[in-house]
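Undergrad: Take a look at the following structure, please.
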Amino acid sequence: MKKTSILLLLSAAAALAGCGGLFGGGGGGGDTAEVMGNILDTTPEIGGRNVVVFAYRVKDVPADCTTPVLPRTNDTNSNEELKDGNSTFDMTKVKTGRLVLVFLLDNPGKDADGKIDPGDPVAVLDDPECVLDDVPNKYVIEATDIKINFGLTDVLGFPAPGRAEAGNLKEFPKNQK
């Protein structure tokens with residue numbers, strides 16, 4: 001992917017409440033963390049479409065923290081839209097606790113709306129070490145070299161359809177970067 005500028009969209013409860021859609025909302029104060037990383041590759045290639053990264057804070061215990069599912073909640077406390085060609089993200093003020101990272105392959109052109117609607121191509125980040133299971137206050141989550149499968153079929157070298165994998169997923173205190 002080529003580098004372009006980042007459009008950082010930090011969602012606040014009031015801003016996303018008016019957006020509608022199946023998933024939106026979030027914001028508020030309290031304990032926060034930072035979520036940063038980069039996308040290494042996607043299948044299919046995104047060709048002119050934006051990827052939106054969502055950080056969900058979930059209150060219920062997932063059945064398996066290693067392979068979380070798309071939350072059925074509107075508590076997306078932060079998101080960032082990566083314009084075509086940009087591969088890095090950095091979300092600040094993400095609510096702490098149990099997090100799930102979700103990637104949306106947004107609609108092309110004027111149909112891009114930056115929100116997850118039924119049937120949109122999404123991928124949920126695998127968390128084999130349960131790093132996102134209980135993120136503390138003032139911590140950084142770093143997910144690097146992410147491969148995303150937005151497709152409906154298995155592709156050699158990529159995670160299963162609807163899944164994303166990080167080459168490295170770790171957490172550390174903000175002052176220890």
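All residue names refer to the structure tokens as shown: chains lettered A, B, ... in order, residues numbered from 1 in each chain, ligands numbered from 1 in order.
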Give me, as CSV, the closest atom pair and its distance (Å, one decimal) for every residue of stretch 94-123 of chain A within a cut-off of 6 Å of stretch 135-159 of chain A, counting only C-alpha atoms, rows sorted by chain and rising number.

TA:
residue,atom,partner,partner_atom,distance
A:Thr96,CA,A:Val135,CA,5.3
A:Gly97,CA,A:Val135,CA,4.8
A:Pro121,CA,A:Phe150,CA,5.5
A:Val122,CA,A:Phe150,CA,5.9
A:Ala123,CA,A:Phe150,CA,5.9

Undergrad: Excluding A:Arg98 and any residue of its chain fewer than 2 positions from it, enumerate the residues within 8 Å of it, using only C-alpha atoms, and give them as an MDAnalysis selection string.

TA: chainID A and resid 57:59 96 100 132:135

Undergrad: Please, which residues of stretch 31-177 of chain A, numbered as in this document, come out strand (DSSP E or B) from DSSP, as a PyMOL selection string?

TA: chain A and resi 32-43+51-58+76-82+88-95+97-105+122-125+135+139-149+163-173

Undergrad: Write down as a PyMOL selection string the residues belonging to stretch 10-162 of chain A that are assigned helix (DSSP H, G or I) by DSSP computed on the backbone.

TA: chain A and resi 13-17+109-111

Undergrad: Check the smallest atom-to-atom distance from each of A:Gln176, A:Leu40, A:Ile116, A:Asn168 to A:Arg72 using only C-alpha atoms, then report the winner.

TA: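 The shortest atom-to-atom distance to A:Arg72 comes from A:Ile116.
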
Undergrad: What is the atom CA of A:Pro161-atom CA of A:Leu70 distance in Å, reported with one decimal?

TA: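 Calculated distance between atom CA of A:Pro161 and atom CA of A:Leu70 is 13.2 Å.
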
Undergrad: Please determine, counting only C-alpha atoms, which residue among A:Pro173, A:Gly47, A:Lys93, A:Gly85 has the shortest atom-to-atom distance to A:Thr32.

TA: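 Going through A:Pro173, A:Gly47, A:Lys93, A:Gly85 one by one, the smallest distance to A:Thr32 is for A:Lys93.
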
Undergrad: Using only C-alpha atoms for the distances, tell me which of A:Gly30, A:Gly37, A:Gly167, A:Pro68 is nearest to A:Thr88.

TA: A:Gly37
